[in-house]
Every structure is written in C-alpha cells, then in structure tokens.
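Shown next: coords34.txt, containing compact mmCIF, C-alpha atoms.
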# COMPACT_ATOMS: atom_id res chain seq x y z
CA MET A 1 -10.85 40.39 -7.82
CA SER A 2 -10.15 36.94 -9.13
CA LYS A 3 -11.96 34.12 -7.43
CA VAL A 4 -9.56 32.66 -4.88
CA MET A 5 -10.85 29.97 -2.56
CA PRO A 6 -10.11 30.61 1.15
CA LEU A 7 -8.48 27.83 3.16
CA ASN A 8 -11.57 26.91 5.18
CA GLN A 9 -13.61 26.65 1.99
CA ALA A 10 -10.87 24.55 0.38
CA LEU A 11 -10.92 22.21 3.38
CA LYS A 12 -14.69 21.95 3.15
CA PHE A 13 -14.32 21.22 -0.53
CA PHE A 14 -11.78 18.46 0.21
CA LEU A 15 -14.11 16.89 2.78
CA VAL A 16 -16.95 16.96 0.28
CA MET A 17 -14.67 15.19 -2.21
CA VAL A 18 -13.94 12.45 0.33
CA LEU A 19 -17.65 12.22 1.13
CA ALA A 20 -18.44 12.07 -2.58
CA LEU A 21 -16.05 9.13 -2.97
CA VAL A 22 -17.72 7.31 -0.08
CA VAL A 23 -21.21 8.01 -1.46
CA LEU A 24 -20.12 6.87 -4.92
CA TYR A 25 -18.73 3.61 -3.56
CA ALA A 26 -21.60 2.96 -1.14
CA GLY A 27 -24.25 3.93 -3.69
CA GLY A 28 -22.69 1.61 -6.26
CA ALA A 29 -22.54 -1.27 -3.79
CA LEU A 30 -26.14 -0.67 -2.69
CA SER A 31 -27.27 -0.45 -6.29
CA ASP A 32 -25.53 -3.73 -7.15
CA ARG A 33 -27.45 -5.45 -4.35
CA LEU A 34 -30.80 -3.87 -5.20
CA VAL A 35 -30.77 -4.50 -8.95
CA THR A 36 -30.56 -8.25 -8.41
CA ASN A 37 -33.65 -8.25 -6.16
CA GLN A 38 -36.86 -10.08 -7.11
CA SER A 39 -38.98 -7.00 -6.64
CA ALA A 40 -39.17 -4.60 -9.59
CA GLY A 41 -39.67 -1.71 -7.19
CA LEU A 42 -36.39 -2.46 -5.43
CA ARG A 43 -34.64 -2.85 -8.76
CA TRP A 44 -35.87 0.65 -9.70
CA LEU A 45 -34.59 1.83 -6.33
CA GLY A 46 -31.23 0.35 -7.31
CA VAL A 47 -31.25 2.44 -10.48
CA ALA A 48 -32.09 5.52 -8.42
CA ALA A 49 -29.29 4.73 -5.93
CA ALA A 50 -26.77 4.49 -8.77
CA LEU A 51 -27.85 7.90 -10.11
CA VAL A 52 -28.06 9.61 -6.71
CA SER A 53 -24.56 8.37 -5.82
CA LEU A 54 -23.25 10.54 -8.66
CA GLY A 55 -24.90 13.65 -7.20
CA PRO A 56 -22.01 14.82 -4.99
CA TRP A 57 -19.59 14.52 -7.91
CA LEU A 58 -21.88 16.61 -10.09
CA TRP A 59 -22.05 19.18 -7.28
CA ILE A 60 -18.24 19.25 -7.10
CA ILE A 61 -17.99 19.79 -10.87
CA PHE A 62 -20.54 22.63 -10.78
CA GLN A 63 -18.80 24.23 -7.79
CA SER A 64 -15.43 24.00 -9.54
CA LEU A 65 -16.84 25.61 -12.66
CA SER A 66 -18.51 28.38 -10.66
CA HIS A 67 -15.11 29.27 -9.17
CA ALA A 68 -13.38 29.19 -12.54
CA ASP A 69 -12.94 32.17 -14.84
CA GLU A 70 -13.96 32.16 -18.48
CA TYR A 71 -10.57 30.84 -19.66
CA HIS A 72 -10.74 27.77 -17.42
CA ARG A 73 -14.41 27.29 -18.27
CA ARG A 74 -13.41 27.24 -21.93
CA ILE A 75 -10.84 24.52 -21.20
CA ALA A 76 -13.47 22.50 -19.30
CA LEU A 77 -15.98 22.95 -22.13
CA VAL A 78 -13.57 21.96 -24.91
CA GLY A 79 -12.26 19.07 -22.80
CA THR A 80 -15.80 17.85 -22.13
CA ALA A 81 -16.71 18.04 -25.82
CA ALA A 82 -13.58 16.08 -26.73
CA ALA A 83 -14.32 13.55 -23.99
CA PHE A 84 -17.85 12.99 -25.37
CA VAL A 85 -16.46 12.13 -28.81
CA ILE A 86 -13.63 9.97 -27.43
CA ASP A 87 -16.06 8.12 -25.12
CA LEU A 88 -18.43 7.49 -28.03
CA LEU A 89 -15.61 6.20 -30.26
CA PHE A 90 -14.28 4.07 -27.42
CA HIS A 91 -17.60 2.34 -26.82
CA VAL A 92 -18.34 1.85 -30.52
CA ALA A 93 -14.85 0.38 -31.00
CA LEU A 94 -15.23 -1.83 -27.93
CA ASN A 95 -18.59 -3.17 -29.13
CA VAL A 96 -17.15 -3.95 -32.57
CA ILE A 97 -14.09 -5.59 -31.02
CA VAL A 98 -16.29 -7.77 -28.80
CA GLY A 99 -18.59 -8.51 -31.77
CA ALA A 100 -15.59 -9.57 -33.82
CA HIS A 101 -14.57 -11.95 -31.01
CA LEU A 102 -11.20 -10.23 -30.72
CA VAL A 103 -11.63 -10.05 -26.96
CA SER A 104 -13.71 -12.08 -24.55
CA SER A 105 -17.34 -10.97 -24.44
CA THR A 106 -17.64 -12.13 -20.85
CA GLY A 107 -15.32 -9.43 -19.58
CA SER A 108 -16.70 -5.92 -19.28
CA LEU A 109 -15.21 -2.57 -18.47
CA PRO A 110 -16.84 -0.48 -15.73
CA ALA A 111 -18.55 2.36 -17.59
CA LEU A 112 -18.25 5.06 -14.94
CA PRO A 113 -14.50 4.87 -14.22
CA VAL A 114 -13.83 4.71 -17.97
CA ALA A 115 -16.01 7.76 -18.62
CA MET A 116 -14.44 9.69 -15.73
CA GLY A 117 -10.94 8.71 -16.83
CA ILE A 118 -11.60 9.81 -20.40
CA TRP A 119 -13.10 13.10 -19.19
CA LEU A 120 -10.17 13.89 -16.87
CA LEU A 121 -7.66 12.96 -19.56
CA SER A 122 -9.45 15.09 -22.16
CA VAL A 123 -9.55 18.13 -19.89
CA ALA A 124 -5.86 17.65 -19.03
CA VAL A 125 -4.88 17.37 -22.71
CA THR A 126 -7.00 20.44 -23.55
CA PHE A 127 -5.27 22.36 -20.76
CA LEU A 128 -1.86 21.38 -22.15
CA TYR A 129 -2.99 22.26 -25.68
CA TYR A 130 -4.04 25.77 -24.61
CA ARG A 131 -0.77 26.22 -22.74
CA ALA A 132 1.38 24.92 -25.57
CA SER A 133 -0.19 26.70 -28.53
CA LEU A 134 1.84 29.87 -28.23
CA MET B 1 -6.68 38.63 -32.96
CA LYS B 2 -3.78 40.90 -32.00
CA ASN B 3 -3.73 42.85 -28.77
CA ARG B 4 -1.66 45.49 -26.99
CA LEU B 5 -2.23 44.10 -23.54
CA ARG B 6 1.45 43.42 -22.84
CA VAL B 7 2.43 46.95 -23.87
CA LEU B 8 -0.34 48.57 -21.83
CA ARG B 9 0.59 46.45 -18.85
CA ALA B 10 4.28 47.30 -19.17
CA GLU B 11 3.47 51.03 -19.37
CA ARG B 12 1.81 50.78 -15.98
CA ASN B 13 4.30 48.28 -14.60
CA TRP B 14 1.49 45.88 -13.72
CA SER B 15 1.92 42.12 -13.47
CA GLN B 16 -0.47 39.70 -15.14
CA LEU B 17 -1.74 38.78 -11.69
CA GLU B 18 -2.50 42.40 -10.91
CA VAL B 19 -4.42 42.88 -14.15
CA GLY B 20 -6.24 39.61 -13.47
CA ASN B 21 -7.23 40.81 -10.01
CA ARG B 22 -8.47 44.11 -11.40
CA VAL B 23 -10.75 42.46 -13.97
CA GLY B 24 -11.68 39.38 -11.91
CA VAL B 25 -9.91 36.58 -13.79
CA SER B 26 -6.85 34.42 -13.16
CA ARG B 27 -3.27 35.22 -14.13
CA GLN B 28 -3.43 32.31 -16.59
CA ALA B 29 -6.40 33.89 -18.32
CA ILE B 30 -4.54 37.19 -18.78
CA ASN B 31 -1.51 35.29 -20.05
CA ALA B 32 -3.67 33.36 -22.51
CA VAL B 33 -5.26 36.57 -23.80
CA GLU B 34 -1.87 38.31 -24.09
CA THR B 35 -0.35 35.46 -26.07
CA GLY B 36 -3.38 35.19 -28.34
CA ARG B 37 -4.37 31.71 -27.22
CA PHE B 38 -7.71 32.86 -25.90
CA ASP B 39 -10.05 35.55 -27.17
CA PRO B 40 -11.79 37.21 -24.23
CA SER B 41 -15.53 37.59 -23.97
CA LEU B 42 -17.05 41.02 -24.62
CA PRO B 43 -17.55 41.71 -20.88
CA LEU B 44 -13.90 40.85 -20.17
CA ALA B 45 -12.69 42.99 -23.10
CA LEU B 46 -14.78 45.90 -21.78
CA LYS B 47 -13.39 45.41 -18.28
CA LEU B 48 -9.84 45.41 -19.65
CA ALA B 49 -10.57 48.60 -21.56
CA ARG B 50 -11.96 50.21 -18.41
CA VAL B 51 -8.95 49.15 -16.33
CA PHE B 52 -6.54 50.58 -18.90
CA GLU B 53 -8.75 53.67 -19.39
CA THR B 54 -9.00 53.17 -23.10
CA THR B 55 -11.29 51.62 -25.70
CA VAL B 56 -11.64 47.98 -26.69
CA GLU B 57 -10.54 48.83 -30.25
CA SER B 58 -7.30 50.32 -28.99
CA ILE B 59 -6.45 47.10 -27.16
CA PHE B 60 -7.71 44.47 -29.60
CA GLU B 61 -7.34 44.43 -33.34
CA LEU B 62 -8.41 41.91 -35.95
CA GLU B 63 -5.57 40.43 -37.95
CA SER B 64 -5.71 40.55 -41.75
CA GLY B 65 -7.99 37.80 -43.02
CA GLU B 66 -10.03 37.56 -39.82
Would you mind writing the structure in this file as structure tokens?
Amino acid sequence: MSKVMPLNQALKFFLVMVLALVVLYAGGALSDRLVTNQSAGLRWLGVAAALVSLGPWLWIIFQSLSHADEYHRRIALVGTAAAFVIDLLFHVALNVIVGAHLVSSTGSLPALPVAMGIWLLSVAVTFLYYRASL
Amino acid sequence: MKNRLRVLRAERNWSQLEVGNRVGVSRQAINAVETGRFDPSLPLALKLARVFETTVESIFELESGE
C-alpha cells in the first residue's frame, strides 16, 4: 500500500509544525540575547540554542521524506542539490555586490529565511519540472 | 527508457492509483514512470513485474542509443 498519513497523524504533524515555528522563533531570540553576553560560555550556549532551534524542522523534513515514495524523494533530492548551488551563487554574488559598494554593507539578509526560501523554491521548481517534462 | 505499463494497466482495467497501492508508491509516481519522466528503482521495477505477473524486461525496454 502507498504511504497515506491518517488524520490523527496529520494533525500531530501540523501541531509539530506550529511547535517547530515557535521553537525556531524562541531559539533565535534566545540566541540573539546570549551571543551578546560577556561570558564566552553563554555565547557558546547561544550558538547551541541557534542550532537546537532548527532541530524540529530537521525532524519534520526527515519525517516528510520517510513518508514519501522514491519519486517524491527524487524530487526532494534534485531540489536540494539545486538549492545548494543557487544558495552558493546567491551568497557569492551578494558578497561581491557588497564588496563593489553596489548596495549598503550595513544591511544584511537573514541567512536562514533566505536558505529556506531558496530550498522551498528549488523543490517547487523541480516538482514542476518533473510534471512538465512529458 | 520505454515501458508497457499503460498497456498492462489497461489490460487489467487498473487505475494508476490501484497500481500504486499494489506496489506501495503514489499515483504520481506511477504516472511519472508511465510517461517516462522517472525511471523506477530496481525494487520498484521488480514489484511492478510481480504485480503484472511478468518479467521486468517485458515491461521496460531500453531505447536505441541508451
């Protein structure tokens, strides 16, 4: 049988997504406070908080992939590979643009939302590519 | 890679969803295999052969130049 998620599991999954958002926001806020502390130990704790706050999202991604069949895993894999290259090009281009004083160097883009946005966009484009290439 | 999945399915009057359920993948995966957008893994090809009571070679065939 194909892997179909029952309603109660889907609800649980949705709640975990909401929780993951809260943890991501709270972890980020906590990390921002800790990394400006005088104590090096607390600054390291801030680094750990930033990483741990990503944990629920990683769990969601692994759960999603474990419920996917090989076709959807292929889409996720190709999309992720494309996202890696696009993210790399984006950051190289941004650094050069800032270095060339084409944009203000004081402004900075949040790395995580940019990376997540690029990843989601890449997976979506890959999905459309696989659907369209008849 | 060419395949006879659509023909085999039509002979049995099975939907893509039904085939997907029998081999444990989604309807989209069967559709992608049928239309040649996605080459199945060896386990999936073997499962398809088992479901259609035939051999992998009689379902899938390399195109000239492959």
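The spacing separating CA of Ala82 (chain A) from CA of Phe127 (chain A) amounts to 12.0 Å.
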Handout entry: Residues of chain B within 6 Å of chain A, counting all atoms listed in the file, as a PyMOL selection string
Key = chain B and resi 21-22+24-26+29
Handout entry: Shortest interatomic distance to Ala29 (chain A) - which of A:Val47, A:Leu109, A:Ile118, A:Leu7, counting all atoms listed in the file
Key =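 Using all atoms listed in the file, the shortest distance to Ala29 (chain A) belongs to A:Val47.
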Can you list, as a PDB file with C-alpha atoms, keeping the file's coordinate frame, every protein, DNA or RNA residue that comes within 12 Å of region 46-57 of chain B when you count only C-alpha atoms, leaving out same-chain residues fewer than 6 positions away?
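Once written, around14.pdb looks like this:
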ATOM      1  CA  MET A   1     -10.850  40.390  -7.820  1.00  0.00           C
TER       2      MET A   1
ATOM      3  CA  MET B   1      -6.680  38.630 -32.960  1.00  0.00           C
ATOM      4  CA  LYS B   2      -3.780  40.900 -32.000  1.00  0.00           C
ATOM      5  CA  ASN B   3      -3.730  42.850 -28.770  1.00  0.00           C
ATOM      6  CA  ARG B   4      -1.660  45.490 -26.990  1.00  0.00           C
ATOM      7  CA  LEU B   5      -2.230  44.100 -23.540  1.00  0.00           C
ATOM      8  CA  ARG B   6       1.450  43.420 -22.840  1.00  0.00           C
ATOM      9  CA  VAL B   7       2.430  46.950 -23.870  1.00  0.00           C
ATOM     10  CA  LEU B   8      -0.340  48.570 -21.830  1.00  0.00           C
ATOM     11  CA  ARG B   9       0.590  46.450 -18.850  1.00  0.00           C
ATOM     12  CA  ALA B  10       4.280  47.300 -19.170  1.00  0.00           C
ATOM     13  CA  GLU B  11       3.470  51.030 -19.370  1.00  0.00           C
ATOM     14  CA  ARG B  12       1.810  50.780 -15.980  1.00  0.00           C
ATOM     15  CA  ASN B  13       4.300  48.280 -14.600  1.00  0.00           C
ATOM     16  CA  TRP B  14       1.490  45.880 -13.720  1.00  0.00           C
ATOM     17  CA  GLN B  16      -0.470  39.700 -15.140  1.00  0.00           C
ATOM     18  CA  GLU B  18      -2.500  42.400 -10.910  1.00  0.00           C
ATOM     19  CA  VAL B  19      -4.420  42.880 -14.150  1.00  0.00           C
ATOM     20  CA  GLY B  20      -6.240  39.610 -13.470  1.00  0.00           C
ATOM     21  CA  ASN B  21      -7.230  40.810 -10.010  1.00  0.00           C
ATOM     22  CA  ARG B  22      -8.470  44.110 -11.400  1.00  0.00           C
ATOM     23  CA  VAL B  23     -10.750  42.460 -13.970  1.00  0.00           C
ATOM     24  CA  GLY B  24     -11.680  39.380 -11.910  1.00  0.00           C
ATOM     25  CA  VAL B  25      -9.910  36.580 -13.790  1.00  0.00           C
ATOM     26  CA  ILE B  30      -4.540  37.190 -18.780  1.00  0.00           C
ATOM     27  CA  VAL B  33      -5.260  36.570 -23.800  1.00  0.00           C
ATOM     28  CA  GLU B  34      -1.870  38.310 -24.090  1.00  0.00           C
ATOM     29  CA  PRO B  40     -11.790  37.210 -24.230  1.00  0.00           C
TER      30      PRO B  40
END
Centre and size of axis-aligned box enclosing region 28-44 of chain A plus 8 Å each side, as AutoDock Vina command-line options:
--center_x -31.1 --center_y -4.2 --center_z -6.2 --size_x 33.1 --size_y 27.7 --size_z 23.0
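The gap separating CA of Pro113 (chain A) from CA of Phe62 (chain A) is 19.1 Å, in Å to one decimal.
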Practice task
Fewer than 5 positions away in the same chain doesn't count, so skip those; otherwise give me all residues within 9 Å of Ala76 (chain A), counting only C-alpha atoms, as number ranges by chain.
Solution key: A: 65, 71, 81, 122-123, 126-127
Exercise for the section: Rounded to one decimal place, report the CA of Leu58 (chain A)-CA of Pro6 (chain A) distance in Å. Expected result: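 Spanning CA of Leu58 (chain A) to CA of Pro6 (chain A) is a straight-line distance of 21.5 Å.
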